[in-house]
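Enquirer: Okay, so here is protein.pdb, and as you'll see once you scroll down, it has PDB, C-alpha atoms.
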```pdb
ATOM      1  CA  MET A  14      -8.028  -5.979 -20.249
ATOM      2  CA  PRO A  15      -5.677  -8.756 -19.332
ATOM      3  CA  SER A  16      -6.276 -10.199 -15.910
ATOM      4  CA  ALA A  17      -5.160  -8.145 -12.929
ATOM      5  CA  VAL A  18      -4.281  -9.303  -9.445
ATOM      6  CA  LEU A  19      -6.597  -7.928  -6.777
ATOM      7  CA  GLU A  20      -4.978  -6.696  -3.582
ATOM      8  CA  ARG A  21      -6.181  -7.766  -0.161
ATOM      9  CA  HIS A  22      -6.870  -4.848   2.158
ATOM     10  CA  PRO A  23      -4.104  -4.911   4.786
ATOM     11  CA  ALA A  24      -6.626  -4.706   7.649
ATOM     12  CA  SER A  25      -8.425  -7.885   6.539
ATOM     13  CA  PRO A  26      -6.348 -11.075   6.713
ATOM     14  CA  CYS A  27      -7.424 -14.167   4.788
ATOM     15  CA  ALA A  28      -5.631 -17.454   5.434
ATOM     16  CA  ALA A  29      -7.879 -19.387   3.027
ATOM     17  CA  LEU A  30      -6.830 -17.668  -0.225
ATOM     18  CA  ARG A  31      -3.503 -17.250  -2.000
ATOM     19  CA  GLY A  32      -4.879 -14.662  -4.398
ATOM     20  CA  ILE A  33      -7.618 -13.361  -6.682
ATOM     21  CA  GLU A  34      -7.407 -12.307 -10.317
ATOM     22  CA  ALA A  35     -10.080 -10.391 -12.206
ATOM     23  CA  SER A  36     -10.619  -9.173 -15.751
ATOM     24  CA  VAL A  37     -13.086  -7.129 -17.801
ATOM     25  CA  THR A  38     -13.754  -7.457 -21.521
ATOM     26  CA  ARG A  39     -15.919  -4.962 -23.386
ATOM     27  CA  ARG A  40     -18.429  -6.295 -25.880
ATOM     28  CA  ALA A  41     -20.752  -4.161 -28.048
ATOM     29  CA  ALA A  42     -23.198  -3.160 -25.296
ATOM     30  CA  SER A  43     -21.930  -5.206 -22.375
ATOM     31  CA  LEU A  44     -19.031  -6.011 -20.113
ATOM     32  CA  GLU A  45     -17.826  -9.536 -19.424
ATOM     33  CA  VAL A  46     -16.305  -9.672 -15.952
ATOM     34  CA  SER A  47     -14.483 -12.656 -14.539
ATOM     35  CA  TYR A  48     -12.878 -13.530 -11.234
ATOM     36  CA  ALA A  49     -10.596 -16.423 -10.225
ATOM     37  CA  LEU A  50     -10.100 -17.170  -6.523
ATOM     38  CA  GLU A  51      -7.206 -19.485  -5.660
ATOM     39  CA  GLY A  52      -6.584 -21.252  -2.383
ATOM     40  CA  GLU A  53      -8.527 -23.418   0.015
ATOM     41  CA  ILE A  54     -11.938 -22.848  -1.573
ATOM     42  CA  ASP A  55     -13.651 -25.326   0.780
ATOM     43  CA  ARG A  56     -12.867 -22.934   3.656
ATOM     44  CA  LEU A  57     -15.065 -20.176   2.155
ATOM     45  CA  ARG A  58     -18.684 -19.565   3.068
ATOM     46  CA  ILE A  59     -20.815 -19.307  -0.050
ATOM     47  CA  GLY A  60     -24.545 -18.752  -0.487
ATOM     48  CA  ARG A  61     -25.431 -17.380   2.930
ATOM     49  CA  SER A  62     -28.665 -15.499   3.578
ATOM     50  CA  GLY A  63     -28.703 -11.722   3.802
ATOM     51  CA  PRO A  64     -27.112  -9.028   1.633
ATOM     52  CA  LEU A  65     -24.577 -10.533  -0.773
ATOM     53  CA  TRP A  66     -21.900  -7.985   0.091
ATOM     54  CA  GLN A  67     -21.834  -9.322   3.665
ATOM     55  CA  HIS A  68     -20.657 -12.726   2.390
ATOM     56  CA  THR A  69     -18.444 -14.119  -0.371
ATOM     57  CA  CYS A  70     -19.292 -12.166  -3.505
ATOM     58  CA  CYS A  71     -17.643 -10.615  -6.534
ATOM     59  CA  GLU A  72     -18.419  -6.990  -7.297
ATOM     60  CA  VAL A  73     -18.038  -4.579 -10.172
ATOM     61  CA  PHE A  74     -18.627  -0.824 -10.008
ATOM     62  CA  ILE A  75     -19.283   1.067 -13.247
ATOM     63  CA  VAL A  76     -18.966   4.836 -13.601
ATOM     64  CA  GLU A  77     -19.941   6.792 -16.705
ATOM     65  CA  ALA A  78     -19.860  10.196 -15.008
ATOM     66  CA  LEU A  79     -19.318  10.774 -11.319
ATOM     67  CA  PRO A  80     -20.989  11.179  -8.927
ATOM     68  CA  ALA A  81     -23.407   8.533 -10.314
ATOM     69  CA  TYR A  82     -22.390   4.861 -10.570
ATOM     70  CA  ARG A  83     -23.763   1.313 -10.595
ATOM     71  CA  GLU A  84     -22.777  -1.695  -8.545
ATOM     72  CA  TYR A  85     -23.312  -5.375  -9.356
ATOM     73  CA  ASN A  86     -22.810  -8.168  -6.805
ATOM     74  CA  PHE A  87     -22.410 -11.792  -7.916
ATOM     75  CA  SER A  88     -22.379 -14.709  -5.490
ATOM     76  CA  PRO A  89     -20.809 -18.059  -6.388
ATOM     77  CA  SER A  90     -24.208 -19.494  -5.362
ATOM     78  CA  GLY A  91     -25.695 -17.839  -8.481
ATOM     79  CA  GLU A  92     -27.476 -15.050  -6.595
ATOM     80  CA  TRP A  93     -26.925 -11.479  -7.729
ATOM     81  CA  ALA A  94     -27.980  -7.907  -6.991
ATOM     82  CA  ALA A  95     -27.674  -4.558  -8.763
ATOM     83  CA  TYR A  96     -27.673  -1.053  -7.292
ATOM     84  CA  GLU A  97     -27.796   2.387  -8.842
ATOM     85  CA  PHE A  98     -26.265   5.332  -6.977
ATOM     86  CA  VAL A  99     -26.849   9.020  -7.662
ATOM     87  CA  ARG A 100     -23.799   9.893  -5.552
ATOM     88  CA  TYR A 101     -21.453   8.295  -3.014
ATOM     89  CA  ARG A 102     -23.427   5.565  -1.200
ATOM     90  CA  GLU A 103     -26.795   7.180  -2.035
ATOM     91  CA  GLY A 104     -28.688   4.633  -4.049
ATOM     92  CA  ALA A 105     -31.081   1.735  -4.246
ATOM     93  CA  PRO A 106     -31.529  -1.608  -5.994
ATOM     94  CA  PHE A 107     -32.554  -1.424  -9.636
ATOM     95  CA  ALA A 108     -34.036  -3.927 -12.074
ATOM     96  CA  ALA A 109     -31.073  -4.995 -14.191
ATOM     97  CA  PRO A 110     -31.226  -7.705 -16.852
ATOM     98  CA  ASP A 111     -30.074 -11.164 -15.768
ATOM     99  CA  PRO A 112     -26.247 -11.092 -15.731
ATOM    100  CA  ARG A 113     -25.859 -14.741 -16.858
ATOM    101  CA  ILE A 114     -23.508 -15.864 -14.095
ATOM    102  CA  ALA A 115     -21.292 -18.891 -14.717
ATOM    103  CA  VAL A 116     -19.356 -20.596 -11.907
ATOM    104  CA  LYS A 117     -16.655 -23.264 -12.180
ATOM    105  CA  ARG A 118     -15.202 -24.906  -9.131
ATOM    106  CA  GLY A 119     -12.167 -27.174  -9.050
ATOM    107  CA  PRO A 120      -9.400 -28.153  -6.675
ATOM    108  CA  GLY A 121      -8.024 -24.940  -5.210
ATOM    109  CA  ARG A 122      -9.847 -22.665  -7.655
ATOM    110  CA  LEU A 123     -13.217 -20.959  -7.988
ATOM    111  CA  GLU A 124     -14.064 -19.042 -11.173
ATOM    112  CA  LEU A 125     -17.039 -16.726 -11.613
ATOM    113  CA  SER A 126     -17.983 -14.815 -14.752
ATOM    114  CA  ALA A 127     -20.925 -12.578 -15.580
ATOM    115  CA  SER A 128     -22.149 -10.430 -18.455
ATOM    116  CA  ILE A 129     -23.725  -7.061 -17.658
ATOM    117  CA  PRO A 130     -25.030  -4.202 -19.806
ATOM    118  CA  ALA A 131     -22.776  -1.186 -20.236
ATOM    119  CA  SER A 132     -22.633   1.813 -22.505
ATOM    120  CA  PRO A 133     -19.938   1.978 -25.176
ATOM    121  CA  ASP A 134     -18.755   5.289 -23.699
ATOM    122  CA  ARG A 135     -15.623   5.783 -21.629
ATOM    123  CA  LEU A 136     -16.041   4.013 -18.291
ATOM    124  CA  ARG A 137     -14.248   3.861 -14.981
ATOM    125  CA  ILE A 138     -14.449   0.456 -13.319
ATOM    126  CA  GLY A 139     -13.895  -0.828  -9.806
ATOM    127  CA  LEU A 140     -13.321  -4.562  -9.349
ATOM    128  CA  SER A 141     -13.577  -6.111  -5.910
ATOM    129  CA  VAL A 142     -14.344  -9.265  -3.978
ATOM    130  CA  VAL A 143     -15.611  -9.811  -0.445
ATOM    131  CA  VAL A 144     -14.490 -13.157   0.994
ATOM    132  CA  GLU A 145     -16.137 -14.789   4.001
ATOM    133  CA  ASP A 146     -14.137 -17.621   5.514
ATOM    134  CA  GLU A 147     -15.381 -20.583   7.550
ATOM    135  CA  SER A 148     -15.119 -18.588  10.789
ATOM    136  CA  GLY A 149     -17.288 -15.758   9.410
ATOM    137  CA  ALA A 150     -14.344 -13.341   9.077
ATOM    138  CA  LEU A 151     -14.463 -11.057   6.035
ATOM    139  CA  SER A 152     -11.563  -9.998   3.848
ATOM    140  CA  TYR A 153     -11.718  -7.318   1.187
ATOM    141  CA  TRP A 154      -9.911  -7.524  -2.155
ATOM    142  CA  ALA A 155      -9.805  -4.812  -4.838
ATOM    143  CA  LEU A 156      -7.961  -3.634  -7.895
ATOM    144  CA  LYS A 157      -7.141  -0.566  -5.832
ATOM    145  CA  HIS A 158      -8.063   0.345  -2.263
ATOM    146  CA  ALA A 159      -8.949   3.847  -1.126
ATOM    147  CA  PRO A 160      -7.069   5.176   1.911
ATOM    148  CA  GLY A 161      -8.353   4.028   5.314
ATOM    149  CA  LYS A 162     -10.841   1.263   5.952
ATOM    150  CA  PRO A 163     -12.105  -0.938   3.084
ATOM    151  CA  ASP A 164     -14.452   1.135   0.899
ATOM    152  CA  PHE A 165     -15.230  -0.126  -2.593
ATOM    153  CA  HIS A 166     -17.551   2.877  -3.170
ATOM    154  CA  HIS A 167     -14.754   5.437  -2.857
ATOM    155  CA  PRO A 168     -13.875   7.039  -6.238
ATOM    156  CA  ALA A 169     -10.203   6.050  -5.746
ATOM    157  CA  ALA A 170     -11.315   2.388  -6.036
ATOM    158  CA  PHE A 171     -12.623   2.953  -9.591
ATOM    159  CA  ALA A 172      -9.097   2.390 -10.924
ATOM    160  CA  LEU A 173      -9.652   0.854 -14.350
ATOM    161  CA  GLU A 174     -10.474   3.051 -17.349
ATOM    162  CA  LEU A 175     -12.060   1.620 -20.492
ATOM    163  CA  GLU A 176     -12.138   3.775 -23.612
TER     164      GLU A 176
END
```
How does this structure look as C-alpha coordinates?

Expert:
Amino acid sequence: MPSAVLERHPASPCAALRGIEASVTRRAASLEVSYALEGEIDRLRIGRSGPLWQHTCCEVFIVEALPAYREYNFSPSGEWAAYEFVRYREGAPFAAPDPRIAVKRGPGRLELSASIPASPDRLRIGLSVVVEDESGALSYWALKHAPGKPDFHHPAAFALELE
(Lines of atoms letter the chains of each structure in order from A and count residues from 1; the text may use other names and numbers.)
(Lines give C-alpha, C1' and ligand atoms only; values in the text may rest on other atoms or scores of the structure.)
Protein backbone atom coordinates (compact mmCIF):
# COMPACT_ATOMS: atom_id res chain seq x y z
CA MET A 1 0.00 0.00 0.00
CA PRO A 2 1.37 3.40 -0.80
CA SER A 3 1.26 5.81 2.09
CA ALA A 4 -2.12 7.28 3.00
CA VAL A 5 -2.89 10.51 4.80
CA LEU A 6 -4.65 9.99 8.12
CA GLU A 7 -7.54 12.32 8.89
CA ARG A 8 -7.82 14.17 12.18
CA HIS A 9 -11.17 13.68 13.88
CA PRO A 10 -12.99 17.02 13.59
CA ALA A 11 -13.78 17.08 17.33
CA SER A 12 -10.10 16.87 18.30
CA PRO A 13 -7.97 19.86 17.26
CA CYS A 14 -4.19 19.57 17.14
CA ALA A 15 -2.11 22.71 16.64
CA ALA A 16 1.19 20.82 16.93
CA LEU A 17 0.88 18.65 13.80
CA ARG A 18 0.45 19.45 10.11
CA GLY A 19 -0.36 15.85 9.23
CA ILE A 20 0.24 12.12 9.58
CA GLU A 21 0.89 9.53 6.89
CA ALA A 22 0.77 5.77 7.38
CA SER A 23 1.43 2.69 5.28
CA VAL A 24 1.21 -1.10 5.50
CA THR A 25 3.31 -3.60 3.56
CA ARG A 26 2.55 -7.31 3.62
CA ARG A 27 5.45 -9.72 3.98
CA ALA A 28 5.17 -13.54 4.01
CA ALA A 29 3.73 -13.90 7.52
CA SER A 30 3.87 -10.32 8.77
CA LEU A 31 2.81 -6.75 8.22
CA GLU A 32 5.22 -3.83 8.21
CA VAL A 33 3.41 -0.72 9.41
CA SER A 34 4.88 2.75 9.35
CA TYR A 35 3.76 6.18 10.46
CA ALA A 36 5.21 9.65 9.79
CA LEU A 37 4.08 12.57 11.97
CA GLU A 38 4.94 16.04 10.68
CA GLY A 39 4.85 19.29 12.61
CA GLU A 40 6.15 20.60 15.89
CA ILE A 41 7.25 17.24 17.29
CA ASP A 42 8.78 18.82 20.41
CA ARG A 43 5.25 19.86 21.46
CA LEU A 44 4.11 16.21 21.76
CA ARG A 45 4.12 14.20 24.96
CA ILE A 46 5.83 10.87 24.44
CA GLY A 47 6.51 8.00 26.84
CA ARG A 48 4.05 8.83 29.59
CA SER A 49 2.98 6.27 32.19
CA GLY A 50 -0.35 4.50 31.91
CA PRO A 51 -2.12 2.84 28.98
CA LEU A 52 -0.42 3.72 25.69
CA TRP A 53 -3.68 4.64 23.98
CA GLN A 54 -4.13 7.50 26.46
CA HIS A 55 -0.95 9.16 25.15
CA THR A 56 0.90 9.57 21.85
CA CYS A 57 0.83 6.17 20.17
CA CYS A 58 0.41 4.60 16.75
CA GLU A 59 -2.17 1.85 16.39
CA VAL A 60 -3.07 -0.85 13.91
CA PHE A 61 -6.21 -2.98 14.01
CA ILE A 62 -6.24 -6.29 12.12
CA VAL A 63 -9.40 -8.18 11.20
CA GLU A 64 -9.46 -11.64 9.63
CA ALA A 65 -13.15 -12.26 10.29
CA LEU A 66 -15.42 -9.98 12.27
CA PRO A 67 -16.39 -9.78 15.04
CA ALA A 68 -12.88 -10.80 16.22
CA TYR A 69 -9.88 -8.50 15.74
CA ARG A 70 -6.46 -7.60 17.16
CA GLU A 71 -5.04 -4.25 18.15
CA TYR A 72 -1.38 -3.24 18.44
CA ASN A 73 -0.24 0.00 20.10
CA PHE A 74 3.26 1.38 19.50
CA SER A 75 4.69 4.32 21.43
CA PRO A 76 7.55 6.42 20.08
CA SER A 77 9.21 5.64 23.44
CA GLY A 78 9.55 2.01 22.27
CA GLU A 79 6.78 0.65 24.51
CA TRP A 80 4.08 -1.47 22.92
CA ALA A 81 0.95 -3.46 23.76
CA ALA A 82 -1.22 -6.01 21.96
CA TYR A 83 -4.88 -6.86 22.52
CA GLU A 84 -7.12 -9.59 21.17
CA PHE A 85 -10.87 -8.98 20.93
CA VAL A 86 -13.58 -11.59 20.47
CA ARG A 87 -16.05 -8.85 19.51
CA TYR A 88 -16.41 -5.06 19.65
CA ARG A 89 -14.36 -3.84 22.64
CA GLU A 90 -14.50 -7.24 24.38
CA GLY A 91 -10.94 -8.37 24.74
CA ALA A 92 -7.74 -8.54 26.73
CA PRO A 93 -3.98 -8.21 26.30
CA PHE A 94 -2.26 -11.13 24.61
CA ALA A 95 1.35 -12.28 24.39
CA ALA A 96 2.43 -11.18 20.92
CA PRO A 97 5.98 -11.54 19.59
CA ASP A 98 8.17 -8.44 19.87
CA PRO A 99 7.10 -6.07 17.06
CA ARG A 100 10.64 -4.69 16.46
CA ILE A 101 9.77 -1.00 16.70
CA ALA A 102 12.07 1.51 15.01
CA VAL A 103 11.80 5.26 15.64
CA LYS A 104 13.51 8.10 13.79
CA ARG A 105 13.20 11.67 14.93
CA GLY A 106 14.33 14.73 13.02
CA PRO A 107 13.40 18.38 12.66
CA GLY A 108 9.64 18.52 12.24
CA ARG A 109 9.24 14.78 11.69
CA LEU A 110 8.79 11.63 13.75
CA GLU A 111 8.77 8.22 12.04
CA LEU A 112 7.74 4.95 13.67
CA SER A 113 7.73 1.52 12.05
CA ALA A 114 6.94 -1.93 13.41
CA SER A 115 6.68 -5.49 12.15
CA ILE A 116 3.84 -7.67 13.44
CA PRO A 117 2.67 -11.20 12.64
CA ALA A 118 -0.31 -11.56 10.33
CA SER A 119 -1.92 -14.34 8.36
CA PRO A 120 -1.58 -14.35 4.58
CA ASP A 121 -5.38 -14.37 4.29
CA ARG A 122 -7.53 -11.42 3.29
CA LEU A 123 -7.38 -8.78 6.03
CA ARG A 124 -9.17 -5.59 6.92
CA ILE A 125 -6.93 -3.02 8.57
CA GLY A 126 -7.52 0.09 10.65
CA LEU A 127 -4.67 2.58 10.97
CA SER A 128 -4.79 5.27 13.63
CA VAL A 129 -2.74 7.52 15.85
CA VAL A 130 -3.50 9.14 19.20
CA VAL A 131 -1.55 12.37 19.72
CA GLU A 132 -1.05 13.97 23.13
CA ASP A 133 0.19 17.54 23.00
CA GLU A 134 2.16 19.47 25.62
CA SER A 135 -1.05 20.60 27.34
CA GLY A 136 -2.31 17.01 27.69
CA ALA A 137 -5.00 17.43 25.00
CA LEU A 138 -5.59 14.39 22.80
CA SER A 139 -6.28 14.35 19.08
CA TYR A 140 -7.37 11.31 17.11
CA TRP A 141 -6.18 10.52 13.58
CA ALA A 142 -7.35 7.61 11.40
CA LEU A 143 -7.49 6.33 7.87
CA LYS A 144 -11.25 6.56 8.27
CA HIS A 145 -13.37 7.69 11.21
CA ALA A 146 -16.65 6.08 12.20
CA PRO A 147 -19.62 8.42 12.67
CA GLY A 148 -19.81 10.25 16.01
CA LYS A 149 -17.07 10.46 18.60
CA PRO A 150 -13.59 9.04 17.89
CA ASP A 151 -13.80 5.22 17.93
CA PHE A 152 -10.97 3.26 16.34
CA HIS A 153 -12.69 -0.03 17.31
CA HIS A 154 -15.75 0.63 15.15
CA PRO A 155 -15.86 -1.66 12.06
CA ALA A 156 -16.18 1.41 9.80
CA ALA A 157 -12.62 2.37 10.86
CA PHE A 158 -11.20 -0.87 9.40
CA ALA A 159 -11.03 0.80 5.98
CA LEU A 160 -8.06 -0.85 4.30
CA GLU A 161 -8.41 -4.27 2.66
CA LEU A 162 -5.38 -6.44 1.91
CA GLU A 163 -5.83 -9.45 -0.36

Enquirer: So that I can see what lies close to Pro133 of chain A, please list as a count of residues only the residues with an atom at most 10 Å from it, counting only C-alpha atoms and leaving out residues fewer than 5 positions away in the same chain.

Expert: 9

Enquirer: Report, in Å to a single decimal, how far apart atom CA of Ile75 of chain A and atom CA of Leu136 of chain A are.

Expert: 6.7 Å

Enquirer: In terms of the shortest atom-to-atom distance over all atoms listed in the file, which of A:Glu45, A:Glu92, A:Asp134, A:Glu124 is closest to Gly60 of chain A?

Expert: A:Glu92

Enquirer: Could you list, as a PDB file with C-alpha atoms, in the coordinates of the input, every residue within 7 Å of Leu123 of chain A, counting all atoms listed in the file and ignoring same-chain residues fewer than 5 positions away?

Expert:
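Output file part.pdb is given in full below:
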```pdb
ATOM      1  CA  ALA A  49     -10.596 -16.423 -10.225  1.00  0.00           C
ATOM      2  CA  LEU A  50     -10.100 -17.170  -6.523  1.00  0.00           C
ATOM      3  CA  GLU A  51      -7.206 -19.485  -5.660  1.00  0.00           C
ATOM      4  CA  ILE A  54     -11.938 -22.848  -1.573  1.00  0.00           C
ATOM      5  CA  LYS A 117     -16.655 -23.264 -12.180  1.00  0.00           C
ATOM      6  CA  ARG A 118     -15.202 -24.906  -9.131  1.00  0.00           C
TER       7      ARG A 118
END
```

Enquirer: Give as a ChimeraX atom specification the residues that the PyMOL selection byres ((chain A and resi 57) around 6) matches when applied to the coordinates above.

Expert: /A:54-56,58,145-147

Enquirer: My list of candidates is A:Asn86, A:Ser47, A:Ser25, A:Gln67. Which is closest to Ala115 of chain A when distances are computed with all atoms listed in the file?

Expert: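 The closest residue to Ala115 of chain A is A:Ser47.
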
Enquirer: Which residue, A:Glu20, A:Glu103, A:Asp111, A:Glu97, has the smallest gap to Lys157 of chain A when you use only C-alpha atoms?

Expert: A:Glu20

Enquirer: Quick one: apply the PyMOL selection byres ((chain A and resi 29) around 6) to the file and drop the selected residues here as a PyMOL selection string.

Expert: chain A and resi 27-28+30+52-53

Enquirer: From the options A:His158, A:Arg122, A:His166, A:Arg135, which residue's atoms come nearest to Gly32 of chain A, counting all atoms listed in the file?

Expert: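 Selected residue with least distance to Gly32 of chain A: A:Arg122.
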
Enquirer: Mind working out the centre and edge lengths of an axis-aligned box for segment 87-95 of chain A, all listed atoms inside, 3 Å added to each side, rounded to one decimal in Å and written as JSON?

Expert:
```
{"center_x": -24.4, "center_y": -12.0, "center_z": -7.1, "size_x": 13.2, "size_y": 20.9, "size_z": 9.4}
```

Enquirer: One number please: atom CA of Ala108 of chain A to atom CA of Ala95 of chain A, in Å, one decimal.

Expert: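 One can read the atom CA of Ala108 of chain A to atom CA of Ala95 of chain A distance as 7.2 Å.
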
Enquirer: Determine, counting only C-alpha atoms, every residue of protein, DNA or RNA that lies within 7 Å of (-20.4, -10.9, 3.9) in the file coordinates, then give the result as a PDB file with C-alpha atoms, in the coordinates of the input.

Expert:
```pdb
ATOM      1  CA  LEU A  65     -24.577 -10.533  -0.773  1.00  0.00           C
ATOM      2  CA  TRP A  66     -21.900  -7.985   0.091  1.00  0.00           C
ATOM      3  CA  GLN A  67     -21.834  -9.322   3.665  1.00  0.00           C
ATOM      4  CA  HIS A  68     -20.657 -12.726   2.390  1.00  0.00           C
ATOM      5  CA  THR A  69     -18.444 -14.119  -0.371  1.00  0.00           C
ATOM      6  CA  VAL A 143     -15.611  -9.811  -0.445  1.00  0.00           C
ATOM      7  CA  VAL A 144     -14.490 -13.157   0.994  1.00  0.00           C
ATOM      8  CA  GLU A 145     -16.137 -14.789   4.001  1.00  0.00           C
ATOM      9  CA  LEU A 151     -14.463 -11.057   6.035  1.00  0.00           C
TER      10      LEU A 151
END
```

Enquirer: Would you kindly place N, CA and C atoms on segment 79-110 of chain A and return the model as a PDB file, keeping the file's coordinate frame?

Expert:
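As written to disk, selection_30.pdb reads:
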```pdb
ATOM      1  N   LEU A  79     -19.100  10.565 -12.753  1.00  0.00           N
ATOM      2  CA  LEU A  79     -19.318  10.774 -11.319  1.00  0.00           C
ATOM      3  C   LEU A  79     -20.183  12.001 -11.109  1.00  0.00           C
ATOM      4  N   PRO A  80     -21.011  12.048 -10.099  1.00  0.00           N
ATOM      5  CA  PRO A  80     -20.989  11.179  -8.927  1.00  0.00           C
ATOM      6  C   PRO A  80     -21.821   9.907  -9.060  1.00  0.00           C
ATOM      7  N   ALA A  81     -22.544   9.711 -10.178  1.00  0.00           N
ATOM      8  CA  ALA A  81     -23.407   8.533 -10.314  1.00  0.00           C
ATOM      9  C   ALA A  81     -22.581   7.296 -10.685  1.00  0.00           C
ATOM     10  N   TYR A  82     -23.042   6.124 -10.219  1.00  0.00           N
ATOM     11  CA  TYR A  82     -22.390   4.861 -10.570  1.00  0.00           C
ATOM     12  C   TYR A  82     -23.341   3.707 -10.295  1.00  0.00           C
ATOM     13  N   ARG A  83     -22.990   2.536 -10.822  1.00  0.00           N
ATOM     14  CA  ARG A  83     -23.763   1.313 -10.595  1.00  0.00           C
ATOM     15  C   ARG A  83     -22.862   0.268  -9.948  1.00  0.00           C
ATOM     16  N   GLU A  84     -23.491  -0.604  -9.196  1.00  0.00           N
ATOM     17  CA  GLU A  84     -22.777  -1.695  -8.545  1.00  0.00           C
ATOM     18  C   GLU A  84     -23.523  -2.995  -8.830  1.00  0.00           C
ATOM     19  N   TYR A  85     -22.766  -4.034  -9.171  1.00  0.00           N
ATOM     20  CA  TYR A  85     -23.312  -5.375  -9.356  1.00  0.00           C
ATOM     21  C   TYR A  85     -22.594  -6.316  -8.402  1.00  0.00           C
ATOM     22  N   ASN A  86     -23.354  -7.151  -7.716  1.00  0.00           N
ATOM     23  CA  ASN A  86     -22.810  -8.168  -6.805  1.00  0.00           C
ATOM     24  C   ASN A  86     -23.176  -9.538  -7.356  1.00  0.00           C
ATOM     25  N   PHE A  87     -22.197 -10.441  -7.406  1.00  0.00           N
ATOM     26  CA  PHE A  87     -22.410 -11.792  -7.916  1.00  0.00           C
ATOM     27  C   PHE A  87     -21.907 -12.798  -6.884  1.00  0.00           C
ATOM     28  N   SER A  88     -22.775 -13.671  -6.433  1.00  0.00           N
ATOM     29  CA  SER A  88     -22.379 -14.709  -5.490  1.00  0.00           C
ATOM     30  C   SER A  88     -22.050 -15.989  -6.251  1.00  0.00           C
ATOM     31  N   PRO A  89     -21.062 -16.755  -5.777  1.00  0.00           N
ATOM     32  CA  PRO A  89     -20.809 -18.059  -6.388  1.00  0.00           C
ATOM     33  C   PRO A  89     -21.995 -19.016  -6.279  1.00  0.00           C
ATOM     34  N   SER A  90     -22.991 -18.681  -5.459  1.00  0.00           N
ATOM     35  CA  SER A  90     -24.208 -19.494  -5.362  1.00  0.00           C
ATOM     36  C   SER A  90     -25.151 -19.237  -6.542  1.00  0.00           C
ATOM     37  N   GLY A  91     -24.851 -18.203  -7.350  1.00  0.00           N
ATOM     38  CA  GLY A  91     -25.695 -17.839  -8.481  1.00  0.00           C
ATOM     39  C   GLY A  91     -26.598 -16.649  -8.188  1.00  0.00           C
ATOM     40  N   GLU A  92     -26.679 -16.229  -6.938  1.00  0.00           N
ATOM     41  CA  GLU A  92     -27.476 -15.050  -6.595  1.00  0.00           C
ATOM     42  C   GLU A  92     -26.758 -13.790  -7.085  1.00  0.00           C
ATOM     43  N   TRP A  93     -27.526 -12.735  -7.317  1.00  0.00           N
ATOM     44  CA  TRP A  93     -26.925 -11.479  -7.729  1.00  0.00           C
ATOM     45  C   TRP A  93     -27.820 -10.314  -7.315  1.00  0.00           C
ATOM     46  N   ALA A  94     -27.241  -9.131  -7.312  1.00  0.00           N
ATOM     47  CA  ALA A  94     -27.980  -7.907  -6.991  1.00  0.00           C
ATOM     48  C   ALA A  94     -27.356  -6.760  -7.778  1.00  0.00           C
ATOM     49  N   ALA A  95     -28.155  -5.741  -8.051  1.00  0.00           N
ATOM     50  CA  ALA A  95     -27.674  -4.558  -8.763  1.00  0.00           C
ATOM     51  C   ALA A  95     -28.196  -3.305  -8.052  1.00  0.00           C
ATOM     52  N   TYR A  96     -27.337  -2.305  -7.975  1.00  0.00           N
ATOM     53  CA  TYR A  96     -27.673  -1.053  -7.292  1.00  0.00           C
ATOM     54  C   TYR A  96     -27.280   0.114  -8.179  1.00  0.00           C
ATOM     55  N   GLU A  97     -28.076   1.165  -8.102  1.00  0.00           N
ATOM     56  CA  GLU A  97     -27.796   2.387  -8.842  1.00  0.00           C
ATOM     57  C   GLU A  97     -27.660   3.518  -7.835  1.00  0.00           C
ATOM     58  N   PHE A  98     -26.557   4.265  -7.924  1.00  0.00           N
ATOM     59  CA  PHE A  98     -26.265   5.332  -6.977  1.00  0.00           C
ATOM     60  C   PHE A  98     -26.246   6.671  -7.695  1.00  0.00           C
ATOM     61  N   VAL A  99     -26.871   7.677  -7.084  1.00  0.00           N
ATOM     62  CA  VAL A  99     -26.849   9.020  -7.662  1.00  0.00           C
ATOM     63  C   VAL A  99     -25.594   9.764  -7.221  1.00  0.00           C
ATOM     64  N   ARG A 100     -25.067   9.371  -6.070  1.00  0.00           N
ATOM     65  CA  ARG A 100     -23.799   9.893  -5.552  1.00  0.00           C
ATOM     66  C   ARG A 100     -23.278   8.910  -4.524  1.00  0.00           C
ATOM     67  N   TYR A 101     -22.137   9.197  -3.945  1.00  0.00           N
ATOM     68  CA  TYR A 101     -21.453   8.295  -3.014  1.00  0.00           C
ATOM     69  C   TYR A 101     -22.419   7.690  -1.994  1.00  0.00           C
ATOM     70  N   ARG A 102     -22.611   6.380  -2.107  1.00  0.00           N
ATOM     71  CA  ARG A 102     -23.427   5.565  -1.200  1.00  0.00           C
ATOM     72  C   ARG A 102     -24.889   5.996  -1.084  1.00  0.00           C
ATOM     73  N   GLU A 103     -25.384   6.800  -2.010  1.00  0.00           N
ATOM     74  CA  GLU A 103     -26.795   7.180  -2.035  1.00  0.00           C
ATOM     75  C   GLU A 103     -27.449   6.503  -3.228  1.00  0.00           C
ATOM     76  N   GLY A 104     -28.091   5.362  -2.958  1.00  0.00           N
ATOM     77  CA  GLY A 104     -28.688   4.633  -4.049  1.00  0.00           C
ATOM     78  C   GLY A 104     -29.668   3.584  -3.583  1.00  0.00           C
ATOM     79  N   ALA A 105     -30.090   2.770  -4.533  1.00  0.00           N
ATOM     80  CA  ALA A 105     -31.081   1.735  -4.246  1.00  0.00           C
ATOM     81  C   ALA A 105     -30.953   0.636  -5.289  1.00  0.00           C
ATOM     82  N   PRO A 106     -31.531  -0.541  -4.988  1.00  0.00           N
ATOM     83  CA  PRO A 106     -31.529  -1.608  -5.994  1.00  0.00           C
ATOM     84  C   PRO A 106     -32.245  -1.154  -7.261  1.00  0.00           C
ATOM     85  N   PHE A 107     -31.832  -1.701  -8.396  1.00  0.00           N
ATOM     86  CA  PHE A 107     -32.554  -1.424  -9.636  1.00  0.00           C
ATOM     87  C   PHE A 107     -32.728  -2.723 -10.409  1.00  0.00           C
ATOM     88  N   ALA A 108     -33.689  -2.725 -11.312  1.00  0.00           N
ATOM     89  CA  ALA A 108     -34.036  -3.927 -12.074  1.00  0.00           C
ATOM     90  C   ALA A 108     -33.109  -4.043 -13.280  1.00  0.00           C
ATOM     91  N   ALA A 109     -32.031  -4.767 -13.113  1.00  0.00           N
ATOM     92  CA  ALA A 109     -31.073  -4.995 -14.191  1.00  0.00           C
ATOM     93  C   ALA A 109     -31.416  -6.303 -14.903  1.00  0.00           C
ATOM     94  N   PRO A 110     -31.034  -6.423 -16.170  1.00  0.00           N
ATOM     95  CA  PRO A 110     -31.226  -7.705 -16.852  1.00  0.00           C
ATOM     96  C   PRO A 110     -30.378  -8.799 -16.190  1.00  0.00           C
TER      97      PRO A 110
END
```
